[in-house]
>>> print(open('coords.tsv').read())   # TSV, C-alpha atoms
chain	number	residue	atom	x	y	z
A	1	MET	CA	19.46	1.00	6.43
A	2	ARG	CA	21.79	-0.69	8.92
A	3	ARG	CA	21.54	-4.41	9.46
A	4	SER	CA	20.78	-3.98	13.16
A	5	THR	CA	17.78	-1.77	12.31
A	6	LEU	CA	16.44	-4.42	9.95
A	7	TRP	CA	16.87	-6.98	12.73
A	8	MET	CA	14.84	-4.77	15.06
A	9	ILE	CA	12.01	-4.56	12.54
A	10	LYS	CA	12.10	-8.32	12.00
A	11	ALA	CA	12.18	-8.90	15.77
A	12	ASN	CA	9.07	-6.76	16.20
A	13	TYR	CA	7.37	-8.64	13.34
A	14	HIS	CA	8.13	-12.03	14.92
A	15	ALA	CA	7.07	-10.71	18.35
A	16	SER	CA	3.73	-9.73	16.78
A	17	LEU	CA	3.34	-13.26	15.46
A	18	LEU	CA	4.40	-14.76	18.79
A	19	VAL	CA	1.83	-12.90	20.88
A	20	GLY	CA	-0.84	-13.46	18.23
A	21	ILE	CA	-1.71	-9.83	17.46
A	22	ILE	CA	-1.32	-10.39	13.71
A	23	SER	CA	-2.68	-13.45	11.94
A	24	PHE	CA	-0.96	-13.09	8.58
A	25	CYS	CA	2.58	-13.20	7.17
A	26	ARG	CA	4.73	-10.71	5.33
A	27	ASN	CA	7.64	-11.52	3.06
A	28	GLN	CA	10.47	-9.36	4.38
A	29	ASN	CA	12.17	-9.25	0.97
A	30	THR	CA	9.27	-8.62	-1.41
A	31	GLY	CA	6.77	-7.06	1.03
A	32	GLU	CA	4.02	-9.49	-0.04
A	33	ILE	CA	1.20	-10.00	2.48
A	34	TYR	CA	-0.28	-13.49	2.61
A	35	THR	CA	-2.06	-15.88	4.96
A	36	SER	CA	-0.81	-19.22	6.20
A	37	PRO	CA	-2.89	-22.02	7.77
A	38	ILE	CA	-0.26	-22.59	10.47
A	39	VAL	CA	-0.03	-18.90	11.41
A	40	THR	CA	-3.83	-18.55	11.32
A	41	ALA	CA	-4.32	-21.57	13.60
A	42	TYR	CA	-1.59	-20.42	15.99
A	43	SER	CA	-2.97	-16.89	16.14
A	44	ALA	CA	-6.46	-18.24	16.83
A	45	LEU	CA	-5.18	-20.33	19.74
A	46	VAL	CA	-3.22	-17.40	21.19
A	47	SER	CA	-6.24	-15.09	20.82
A	48	ILE	CA	-8.36	-17.58	22.75
A	49	GLY	CA	-5.62	-17.90	25.35
A	50	LEU	CA	-5.52	-14.13	25.83
A	51	PHE	CA	-9.03	-14.26	27.26
A	52	ALA	CA	-7.57	-16.16	30.21
A	53	ILE	CA	-6.29	-12.78	31.43
A	54	VAL	CA	-9.87	-12.12	32.59
A	55	TYR	CA	-8.98	-14.42	35.51
A	56	VAL	CA	-6.86	-11.59	36.93
A	57	LEU	CA	-9.88	-9.28	37.26
A	58	PHE	CA	-11.37	-11.44	40.01
A	59	PHE	CA	-8.38	-10.67	42.27
A	60	ILE	CA	-8.49	-6.87	42.06
A	61	ASP	CA	-9.19	-5.33	45.45
A	62	PHE	CA	-11.46	-2.31	45.05
A	63	SER	CA	-12.30	-2.33	48.76
A	64	SER	CA	-8.91	-0.89	49.71
A	65	PRO	CA	-9.06	2.36	51.72
A	66	TYR	CA	-6.26	3.82	49.60
A	67	LEU	CA	-7.30	5.78	46.53
A	68	TYR	CA	-4.17	5.03	44.50
A	69	VAL	CA	-4.78	1.28	44.97
A	70	LYS	CA	-8.29	1.67	43.52
A	71	ILE	CA	-6.96	3.77	40.63
A	72	ASN	CA	-4.27	1.21	39.83
A	73	GLY	CA	-6.91	-1.50	39.95
A	74	LEU	CA	-8.93	0.48	37.40
A	75	ILE	CA	-5.80	0.80	35.23
A	76	PHE	CA	-5.48	-2.99	35.27
A	77	VAL	CA	-9.10	-3.33	34.20
A	78	VAL	CA	-8.54	-0.96	31.26
A	79	ARG	CA	-5.32	-2.77	30.32
A	80	VAL	CA	-7.04	-6.16	30.38
A	81	MET	CA	-9.96	-4.84	28.32
A	82	SER	CA	-7.54	-3.35	25.76
A	83	ILE	CA	-5.83	-6.75	25.45
A	84	LEU	CA	-9.16	-8.43	24.84
A	85	LEU	CA	-10.08	-5.77	22.27
A	86	THR	CA	-6.74	-6.40	20.59
A	87	ALA	CA	-7.59	-10.08	20.26
A	88	VAL	CA	-10.99	-9.21	18.78
A	89	CYS	CA	-9.64	-6.57	16.39
A	90	ASN	CA	-7.01	-9.02	15.21
A	91	TRP	CA	-9.80	-10.93	13.47
A	92	THR	CA	-12.45	-8.30	12.75
A	93	LYS	CA	-9.91	-6.00	11.06
A	94	ARG	CA	-7.59	-8.67	9.69
A	95	ARG	CA	-8.45	-8.22	6.02
A	96	GLU	CA	-8.56	-4.44	6.37
A	97	LEU	CA	-5.06	-4.36	7.87
A	98	MET	CA	-3.67	-6.68	5.17
A	99	VAL	CA	-5.07	-4.48	2.39
A	100	LEU	CA	-3.79	-1.36	4.16
A	101	ILE	CA	-0.22	-2.65	4.47
A	102	SER	CA	-0.28	-3.74	0.80
A	103	ASP	CA	-1.54	-0.31	-0.29
A	104	LEU	CA	1.09	1.44	1.83
A	105	SER	CA	3.89	-0.72	0.38
A	106	ALA	CA	2.71	-0.10	-3.17
A	107	THR	CA	2.36	3.64	-2.60
A	108	ARG	CA	5.80	3.83	-1.00
A	109	HIS	CA	7.35	1.96	-3.93
A	110	THR	CA	5.68	4.29	-6.45
A	111	ILE	CA	6.74	7.44	-4.62
A	112	LEU	CA	10.37	6.37	-4.21
A	113	GLN	CA	10.57	5.47	-7.89
A	114	ARG	CA	9.36	8.95	-8.83
A	115	TRP	CA	11.18	10.93	-6.13
A	116	PRO	CA	14.23	9.16	-4.63
A	117	MET	CA	14.72	9.76	-0.92
A	118	SER	CA	17.70	11.84	0.20
A	119	GLU	CA	20.31	10.44	2.57
A	120	LYS	CA	19.20	12.97	5.18
A	121	LEU	CA	15.66	11.59	5.23
A	122	LYS	CA	16.92	8.01	5.21
A	123	ARG	CA	19.03	8.69	8.31
A	124	LYS	CA	16.14	10.50	9.97
A	125	PHE	CA	13.78	7.58	9.34
A	126	GLU	CA	16.25	5.02	10.64
A	127	ASN	CA	17.16	7.05	13.73
A	128	THR	CA	13.47	7.54	14.53
A	129	LEU	CA	12.82	3.80	14.43
A	130	ARG	CA	15.95	2.89	16.40
A	131	ARG	CA	15.24	5.44	19.13
A	132	LYS	CA	11.66	4.22	19.51
A	133	PHE	CA	12.75	0.57	19.60
A	134	TYR	CA	15.29	1.24	22.35
A	135	TRP	CA	13.00	3.24	24.59
A	136	SER	CA	9.93	1.09	23.91
A	137	TYR	CA	11.50	-2.18	25.01
A	138	LEU	CA	13.35	-0.50	27.85
A	139	ALA	CA	10.02	0.91	29.05
A	140	MET	CA	8.44	-2.54	28.73
A	141	ILE	CA	11.14	-4.10	30.93
A	142	THR	CA	10.91	-1.36	33.55
A	143	LEU	CA	7.12	-1.65	33.56
A	144	PHE	CA	7.44	-5.39	34.20
A	145	LEU	CA	9.82	-4.80	37.10
A	146	GLY	CA	7.81	-1.89	38.47
A	147	LEU	CA	4.52	-3.78	38.49
A	148	PHE	CA	5.90	-7.04	39.84
A	149	GLU	CA	5.90	-6.03	43.49
A	150	TYR	CA	2.57	-4.25	43.20
A	151	LEU	CA	0.91	-7.28	41.64
A	152	LYS	CA	2.22	-9.53	44.39
A	153	MET	CA	0.70	-7.16	46.93
A	154	GLN	CA	-2.52	-6.50	45.03
A	155	PHE	CA	-3.34	-10.05	43.87
A	156	ASP	CA	-3.39	-13.14	45.99
A	157	MET	CA	-2.12	-15.45	43.25
A	158	PRO	CA	0.76	-17.92	42.78
A	159	ILE	CA	3.95	-16.25	41.60
A	160	VAL	CA	3.81	-18.12	38.27
A	161	PHE	CA	0.43	-16.59	37.43
A	162	VAL	CA	1.72	-13.16	38.43
A	163	ILE	CA	4.66	-13.45	36.01
A	164	MET	CA	2.42	-14.72	33.20
A	165	ALA	CA	-0.11	-11.93	33.73
A	166	LEU	CA	2.68	-9.35	33.76
A	167	ALA	CA	4.23	-10.75	30.59
A	168	VAL	CA	0.91	-10.53	28.74
A	169	MET	CA	-0.06	-7.08	30.03
A	170	THR	CA	3.32	-5.48	29.28
A	171	THR	CA	4.05	-7.17	25.94
A	172	VAL	CA	0.82	-7.15	23.93
A	173	LEU	CA	0.04	-3.43	24.04
A	174	ASN	CA	3.71	-2.51	23.63
A	175	VAL	CA	3.99	-4.53	20.40
A	176	VAL	CA	0.66	-3.19	19.09
A	177	MET	CA	1.74	0.40	19.64
A	178	MET	CA	5.11	-0.33	18.06
A	179	ASN	CA	3.34	-1.60	14.92
A	180	TYR	CA	1.22	1.55	14.90
A	181	PHE	CA	4.34	3.70	15.23
A	182	ILE	CA	6.15	1.91	12.39
A	183	LEU	CA	3.23	2.38	9.99
A	184	MET	CA	2.91	6.08	10.84
A	185	SER	CA	6.69	6.56	10.55
A	186	HIS	CA	6.57	5.26	6.97
A	187	LEU	CA	3.85	7.79	6.19
A	188	ASN	CA	5.65	10.65	7.93
A	189	ILE	CA	8.91	10.17	6.05
A	190	LEU	CA	7.05	10.08	2.72
A	191	LEU	CA	5.24	13.29	3.62
A	192	MET	CA	8.58	14.89	4.47
A	193	LEU	CA	9.86	13.76	1.07
A	194	ILE	CA	6.90	15.50	-0.58
A	195	ASN	CA	7.68	18.70	1.30
A	196	GLU	CA	11.29	18.46	0.15
A	197	GLU	CA	10.15	18.20	-3.46
A	198	LEU	CA	7.83	21.15	-2.91
A	199	VAL	CA	10.77	23.23	-1.70
A	200	LYS	CA	12.65	22.35	-4.89
A	201	ILE	CA	9.72	23.54	-7.01
A	202	LEU	CA	9.53	26.77	-5.01
A	203	ASN	CA	13.26	27.35	-5.51
A	204	VAL	CA	13.03	26.78	-9.26
A	205	SER	CA	9.98	29.05	-9.41
A	206	TYR	CA	11.90	31.82	-7.66
A	207	ILE	CA	14.87	31.46	-10.03
A	208	LEU	CA	12.59	31.54	-13.09
A	209	ARG	CA	10.88	34.68	-11.83
A	210	TYR	CA	14.26	36.30	-11.25
A	211	LEU	CA	15.49	35.38	-14.74
A	212	GLN	CA	12.23	36.55	-16.27
A	213	ASN	CA	12.57	39.96	-14.64
A	214	LEU	CA	16.08	40.23	-16.10
A	215	GLN	CA	14.72	39.07	-19.48
A	216	LEU	CA	17.33	36.30	-19.64
A	217	ILE	CA	14.88	33.55	-20.64
A	218	ARG	CA	12.44	33.31	-23.52
A	219	PRO	CA	8.66	33.16	-22.93
A	220	ARG	CA	8.45	29.75	-24.58
A	221	PHE	CA	11.04	28.28	-22.24
A	222	LEU	CA	9.22	29.83	-19.28
A	223	ARG	CA	5.92	28.27	-20.36
A	224	GLU	CA	7.54	24.87	-20.73
A	225	GLN	CA	9.13	25.00	-17.27
A	226	CYS	CA	5.92	26.24	-15.66
A	227	GLY	CA	4.05	23.38	-17.31
A	228	LEU	CA	6.53	20.83	-15.97
A	229	MET	CA	6.35	22.33	-12.48
A	230	ALA	CA	2.55	22.38	-12.66
A	231	ASN	CA	2.53	18.67	-13.49
A	232	ASP	CA	4.95	17.90	-10.65
A	233	LEU	CA	2.98	20.00	-8.20
A	234	HIS	CA	-0.25	18.28	-9.20
A	235	ASP	CA	1.34	14.84	-8.73
A	236	LEU	CA	2.70	15.87	-5.32
A	237	ALA	CA	-0.76	17.08	-4.24
A	238	MET	CA	-2.43	13.86	-5.37
A	239	THR	CA	0.24	11.76	-3.65
A	240	GLN	CA	-0.11	13.73	-0.43
A	241	HIS	CA	-3.87	13.25	-0.54
A	242	ARG	CA	-3.38	9.50	-1.00
A	243	LEU	CA	-1.05	9.41	2.03
A	244	HIS	CA	-3.60	11.39	4.03
A	245	LEU	CA	-6.25	8.76	3.30
A	246	LEU	CA	-3.84	5.98	4.26
A	247	GLY	CA	-3.11	7.77	7.54
A	248	ASN	CA	-6.82	8.02	8.31
A	249	ARG	CA	-7.20	4.30	7.66
A	250	ILE	CA	-4.32	3.50	10.01
A	251	ASN	CA	-5.79	5.71	12.73
A	252	CYS	CA	-9.18	4.01	12.34
A	253	ILE	CA	-7.61	0.59	12.89
A	254	TYR	CA	-5.71	1.64	16.01
A	255	GLU	CA	-8.15	4.19	17.45
A	256	ILE	CA	-9.45	1.80	20.15
A	257	HIS	CA	-5.92	0.98	21.30
A	258	GLY	CA	-5.03	4.67	21.32
A	259	ALA	CA	-8.07	5.53	23.41
A	260	CYS	CA	-7.14	2.84	25.96
A	261	ILE	CA	-3.55	4.12	26.13
A	262	ILE	CA	-4.71	7.71	26.72
A	263	LEU	CA	-7.14	6.60	29.44
A	264	MET	CA	-4.44	4.55	31.19
A	265	GLU	CA	-1.98	7.44	31.02
A	266	TYR	CA	-4.57	9.79	32.53
A	267	LEU	CA	-5.31	7.38	35.38
A	268	ASN	CA	-1.61	6.75	35.90
A	269	ASN	CA	-0.93	10.48	36.22
A	270	VAL	CA	-3.73	10.84	38.76
A	271	SER	CA	-2.34	7.89	40.72
A	272	MET	CA	1.20	9.33	40.70
A	273	PHE	CA	0.02	12.74	41.89
A	274	HIS	CA	-1.94	11.10	44.68
A	275	ILE	CA	1.04	8.97	45.75
A	276	VAL	CA	3.30	12.03	45.81
A	277	TYR	CA	0.72	13.97	47.80
A	278	THR	CA	0.30	11.10	50.26
A	279	SER	CA	4.07	10.68	50.60
A	280	TRP	CA	4.44	14.37	51.39
A	281	HIS	CA	1.86	14.28	54.18
A	282	ASN	CA	2.06	10.68	55.39
A	283	SER	CA	5.21	8.91	54.16
A	284	GLN	CA	4.72	6.02	56.60
A	285	GLN	CA	1.59	4.92	54.75
A	286	ILE	CA	3.49	4.59	51.46
A	287	LEU	CA	6.43	2.81	53.13
A	288	GLU	CA	4.03	0.24	54.51
A	289	GLN	CA	2.78	-0.53	51.01
A	290	PHE	CA	6.02	-0.52	49.00
A	291	SER	CA	9.61	-1.55	49.66
A	292	ILE	CA	12.52	0.90	49.75
A	293	TRP	CA	14.05	-0.34	46.49
A	294	SER	CA	10.79	0.11	44.60
A	295	MET	CA	10.43	3.67	45.93
A	296	ILE	CA	13.98	4.46	44.80
A	297	LEU	CA	13.60	2.96	41.33
A	298	ALA	CA	10.05	4.21	40.70
A	299	PRO	CA	11.16	7.72	39.52
A	300	ILE	CA	13.65	6.13	37.08
A	301	PHE	CA	10.99	3.79	35.74
A	302	LEU	CA	8.55	6.66	35.32
A	303	LEU	CA	11.15	8.79	33.55
A	304	ILE	CA	11.84	6.00	31.03
A	305	HIS	CA	8.11	5.47	30.52
A	306	TYR	CA	7.42	9.15	29.81
A	307	ILE	CA	10.41	9.44	27.47
A	308	ASP	CA	9.05	6.52	25.47
A	309	LEU	CA	5.57	8.09	25.51
A	310	TYR	CA	7.04	11.40	24.30
A	311	PHE	CA	8.75	9.76	21.30
A	312	PHE	CA	5.56	7.87	20.49
A	313	MET	CA	3.33	10.96	20.58
A	314	TRP	CA	5.93	12.99	18.71
A	315	GLY	CA	5.94	10.40	15.91
A	316	ILE	CA	2.15	10.23	15.72
A	317	MET	CA	1.69	14.01	15.73
A	318	ASP	CA	4.24	14.42	12.93
A	319	PHE	CA	1.55	13.15	10.57
A	320	GLN	CA	-0.57	16.28	10.98
A	321	LYS	CA	2.49	18.50	11.29
A	322	SER	CA	3.60	17.55	7.77
A	323	PHE	CA	0.41	18.96	6.27
A	324	THR	CA	0.79	22.14	8.31
A	325	THR	CA	4.36	22.46	7.03
A	326	THR	CA	3.10	22.22	3.44
A	327	GLY	CA	0.67	25.06	4.03
A	328	GLU	CA	3.34	27.21	5.69
A	329	LEU	CA	5.73	26.67	2.77
A	330	LEU	CA	3.11	27.82	0.25
A	331	LYS	CA	2.26	30.87	2.37
A	332	GLU	CA	5.82	31.97	3.09
A	333	ARG	CA	7.25	31.36	-0.37
A	334	GLU	CA	4.82	32.36	-3.08
A	335	LEU	CA	5.01	30.44	-6.34
A	336	ALA	CA	5.91	32.34	-9.50
A	337	MET	CA	2.71	32.76	-11.44
A	338	PRO	CA	3.55	34.39	-14.77
A	339	PRO	CA	0.58	35.50	-16.86
A	340	LEU	CA	1.96	33.47	-19.80
A	341	ASP	CA	0.77	30.17	-18.32
A	342	GLY	CA	-1.91	29.66	-15.67
A	343	ARG	CA	-1.37	25.93	-15.08
A	344	LEU	CA	1.13	26.46	-12.26
A	345	GLU	CA	-1.29	28.71	-10.39
A	346	GLU	CA	-4.11	26.20	-10.86
A	347	SER	CA	-1.97	23.34	-9.52
>>> encode(input="coords.tsv", output="structure tokens")
Amino acid sequence: MRRSTLWMIKANYHASLLVGIISFCRNQNTGEIYTSPIVTAYSALVSIGLFAIVYVLFFIDFSSPYLYVKINGLIFVVRVMSILLTAVCNWTKRRELMVLISDLSATRHTILQRWPMSEKLKRKFENTLRRKFYWSYLAMITLFLGLFEYLKMQFDMPIVFVIMALAVMTTVLNVVMMNYFILMSHLNILLMLINEELVKILNVSYILRYLQNLQLIRPRFLREQCGLMANDLHDLAMTQHRLHLLGNRINCIYEIHGACIILMEYLNNVSMFHIVYTSWHNSQQILEQFSIWSMILAPIFLLIHYIDLYFFMWGIMDFQKSFTTTGELLKERELAMPPLDGRLEES
């Protein structure tokens, strides 16, 4: 893995510590998860400080005659509530997350010792992380710039409070979702490795069947090879099941955050459609609310946001896709099941 990629991962780890969404430490060299009194105290103070974002809710104007203003106000409420839930989950699921990361690291180490990862998968894993890092932080910056003018118009607050509120609302959820994506990416690449090993077993099975039909191998040798493949296939199945359980545990930890993200995206889409509809029929109304530069840059900001969302959803959905791929491989390429040994068929 390139040094710059490792720096990105470390930067995200330190950003998580800085905004207080994790209250434990991880040794970047050994992978050990441990607690520290300083980090715990700092995270507790930051978590308490995050509740100050509730102050913003008192400035939301739901009496506006414009529907998109009310929808955006509702989006802010959901975003604030998700930040508060993040602060709560940081402590209620702290031990669970520490055990999960330790289990994932141990499982990953065991798998890579048994089945080394190919260079192709290593490049795929690194490129996936780098692409998500680029678009994620670019989307965070554009969101900050895009919301700045709206917040000044929506909230009657000093500019300093506006900047602080924006920094919290754009950073916390972005870092949380990045952590979620990194964990799922580790699972996805291991599941792809399992499918690669399955393809190798299928290829060997096909060759053995071909040689058996030509009577070029002895029955004893065939039984031995089928036994070895049966053992490997059984180990792959057990490993895949273990990764499936780890994936379910990760999804359980981040399910609240995911639900908030989906709700905000739905409301944001409704707001965008309404703004476009209003602009088409009454452009003067929109020009009165927003400046020219924000109207010009808004499509670019939205494009970056949806590209980042696409990469995020693509990475999360790959988890289920890997299991579907396993089933398709076993359906399309039938394993050799000689009557001399039934262990391969059982596995």
>>> closest_residue(input="coords.tsv", among="A:Ile250, A:Phe319, A:Leu193, A:Ile71", to="A:Leu112", atoms="all atoms listed in the file")
A:Leu193
>>> closest_residue(input="coords.tsv", among="A:Val99, A:Leu233, A:Met264, A:Leu143", to="A:Leu297", atoms="all atoms listed in the file")
A:Leu143
>>> atom_distance(input="coords.tsv", atom1="atom CA of A:Asn268", atom2="atom CA of A:Ile75")
7.3 Å
>>> closest_residue(input="coords.tsv", among="A:Ile316, A:Ile141, A:Met272, A:Ile253", to="A:Asn90", atoms="all atoms listed in the file")
A:Ile253
>>> closest_residue(input="coords.tsv", among="A:Ile48, A:Met1, A:Met164, A:Met178", to="A:Gly315", atoms="all atoms listed in the file")
A:Met178
>>> residues_around(input="coords.tsv", residues="A:Ser136", least_positions_apart="4", cutoff="7 Å", atoms="all atoms listed in the file", output="JSON, numbers by chain")
{"A": [132, 140, 308]}
>>> residues_around(input="coords.tsv", residues="A:Cys25", least_positions_apart="2", cutoff="12 Å", atoms="all atoms listed in the file", output="PDB file with C-alpha atoms, in the coordinates of the input")
ATOM      1  CA  LYS A  10      12.100  -8.320  12.000  1.00  0.00           C
ATOM      2  CA  TYR A  13       7.370  -8.640  13.340  1.00  0.00           C
ATOM      3  CA  HIS A  14       8.130 -12.030  14.920  1.00  0.00           C
ATOM      4  CA  SER A  16       3.730  -9.730  16.780  1.00  0.00           C
ATOM      5  CA  LEU A  17       3.340 -13.260  15.460  1.00  0.00           C
ATOM      6  CA  LEU A  18       4.400 -14.760  18.790  1.00  0.00           C
ATOM      7  CA  GLY A  20      -0.840 -13.460  18.230  1.00  0.00           C
ATOM      8  CA  ILE A  21      -1.710  -9.830  17.460  1.00  0.00           C
ATOM      9  CA  ILE A  22      -1.320 -10.390  13.710  1.00  0.00           C
ATOM     10  CA  SER A  23      -2.680 -13.450  11.940  1.00  0.00           C
ATOM     11  CA  ASN A  27       7.640 -11.520   3.060  1.00  0.00           C
ATOM     12  CA  GLN A  28      10.470  -9.360   4.380  1.00  0.00           C
ATOM     13  CA  THR A  30       9.270  -8.620  -1.410  1.00  0.00           C
ATOM     14  CA  GLY A  31       6.770  -7.060   1.030  1.00  0.00           C
ATOM     15  CA  GLU A  32       4.020  -9.490  -0.040  1.00  0.00           C
ATOM     16  CA  ILE A  33       1.200 -10.000   2.480  1.00  0.00           C
ATOM     17  CA  TYR A  34      -0.280 -13.490   2.610  1.00  0.00           C
ATOM     18  CA  THR A  35      -2.060 -15.880   4.960  1.00  0.00           C
ATOM     19  CA  SER A  36      -0.810 -19.220   6.200  1.00  0.00           C
ATOM     20  CA  PRO A  37      -2.890 -22.020   7.770  1.00  0.00           C
ATOM     21  CA  ILE A  38      -0.260 -22.590  10.470  1.00  0.00           C
ATOM     22  CA  VAL A  39      -0.030 -18.900  11.410  1.00  0.00           C
ATOM     23  CA  THR A  40      -3.830 -18.550  11.320  1.00  0.00           C
ATOM     24  CA  SER A  43      -2.970 -16.890  16.140  1.00  0.00           C
ATOM     25  CA  ARG A  94      -7.590  -8.670   9.690  1.00  0.00           C
ATOM     26  CA  LEU A  97      -5.060  -4.360   7.870  1.00  0.00           C
ATOM     27  CA  MET A  98      -3.670  -6.680   5.170  1.00  0.00           C
ATOM     28  CA  ILE A 101      -0.220  -2.650   4.470  1.00  0.00           C
ATOM     29  CA  SER A 102      -0.280  -3.740   0.800  1.00  0.00           C
TER      30      SER A 102
END
>>> closest_residue(input="coords.tsv", among="A:Phe221, A:Pro65, A:Ala298, A:Glu126", to="A:Thr142", atoms="all atoms listed in the file")
A:Ala298
>>> residues_around(input="coords.tsv", residues="A:Asn127", least_positions_apart="3", cutoff="12 Å", atoms="all atoms listed in the file", output="list in words")
Met1, Arg2, Ser4, Thr5, Lys120, Leu121, Lys122, Arg123, Lys124, Arg130, Arg131, Lys132, Phe133, Tyr134, Ser185, Ile189, Phe311 and Gly315 of chain A
>>> atom_distance(input="coords.tsv", atom1="atom CA of A:Met295", atom2="atom CA of A:Gly146")
9.7 Å
>>> atom_distance(input="coords.tsv", atom1="atom CA of A:Trp91", atom2="atom CA of A:Phe24")
10.3 Å
>>> build_atoms(input="coords.tsv", residues="stretch 186-202 of chain A", atoms="N, CA, C and O atoms", output="compact mmCIF listing (two decimals), keeping the file's coordinate frame")
# COMPACT_ATOMS: atom_id res chain seq x y z
N HIS A 186 6.46 5.37 8.43
CA HIS A 186 6.57 5.26 6.97
C HIS A 186 5.81 6.38 6.28
O HIS A 186 6.31 6.96 5.29
N LEU A 187 4.62 6.69 6.77
CA LEU A 187 3.85 7.79 6.19
C LEU A 187 4.54 9.13 6.40
O LEU A 187 4.63 9.95 5.48
N ASN A 188 5.03 9.36 7.61
CA ASN A 188 5.65 10.65 7.93
C ASN A 188 6.86 10.94 7.06
O ASN A 188 7.05 12.07 6.59
N ILE A 189 7.70 9.92 6.84
CA ILE A 189 8.91 10.17 6.05
C ILE A 189 8.56 10.43 4.60
O ILE A 189 9.23 11.22 3.91
N LEU A 190 7.49 9.81 4.09
CA LEU A 190 7.05 10.08 2.72
C LEU A 190 6.47 11.48 2.60
O LEU A 190 6.66 12.16 1.58
N LEU A 191 5.77 11.92 3.63
CA LEU A 191 5.24 13.29 3.62
C LEU A 191 6.36 14.32 3.69
O LEU A 191 6.29 15.38 3.05
N MET A 192 7.41 14.00 4.44
CA MET A 192 8.58 14.89 4.47
C MET A 192 9.26 14.93 3.11
O MET A 192 9.76 15.99 2.69
N LEU A 193 9.29 13.80 2.42
CA LEU A 193 9.86 13.76 1.07
C LEU A 193 9.06 14.65 0.13
O LEU A 193 9.64 15.37 -0.70
N ILE A 194 7.74 14.64 0.25
CA ILE A 194 6.90 15.50 -0.58
C ILE A 194 7.18 16.97 -0.31
O ILE A 194 7.27 17.79 -1.24
N ASN A 195 7.36 17.31 0.96
CA ASN A 195 7.68 18.70 1.30
C ASN A 195 9.05 19.10 0.76
O ASN A 195 9.26 20.26 0.36
N GLU A 196 9.99 18.17 0.74
CA GLU A 196 11.29 18.46 0.15
C GLU A 196 11.16 18.76 -1.35
O GLU A 196 11.79 19.70 -1.86
N GLU A 197 10.36 17.97 -2.03
CA GLU A 197 10.15 18.20 -3.46
C GLU A 197 9.42 19.52 -3.70
O GLU A 197 9.68 20.20 -4.69
N LEU A 198 8.53 19.87 -2.79
CA LEU A 198 7.83 21.15 -2.91
C LEU A 198 8.81 22.31 -2.78
O LEU A 198 8.72 23.30 -3.51
N VAL A 199 9.76 22.19 -1.86
CA VAL A 199 10.77 23.23 -1.70
C VAL A 199 11.59 23.39 -2.97
O VAL A 199 11.92 24.51 -3.39
N LYS A 200 11.91 22.28 -3.64
CA LYS A 200 12.65 22.35 -4.89
C LYS A 200 11.86 23.11 -5.96
O LYS A 200 12.42 23.93 -6.70
N ILE A 201 10.56 22.83 -6.03
CA ILE A 201 9.72 23.54 -7.01
C ILE A 201 9.67 25.03 -6.68
O ILE A 201 9.74 25.89 -7.58
N LEU A 202 9.56 25.36 -5.42
CA LEU A 202 9.53 26.77 -5.01
C LEU A 202 10.84 27.47 -5.37
O LEU A 202 10.84 28.63 -5.79
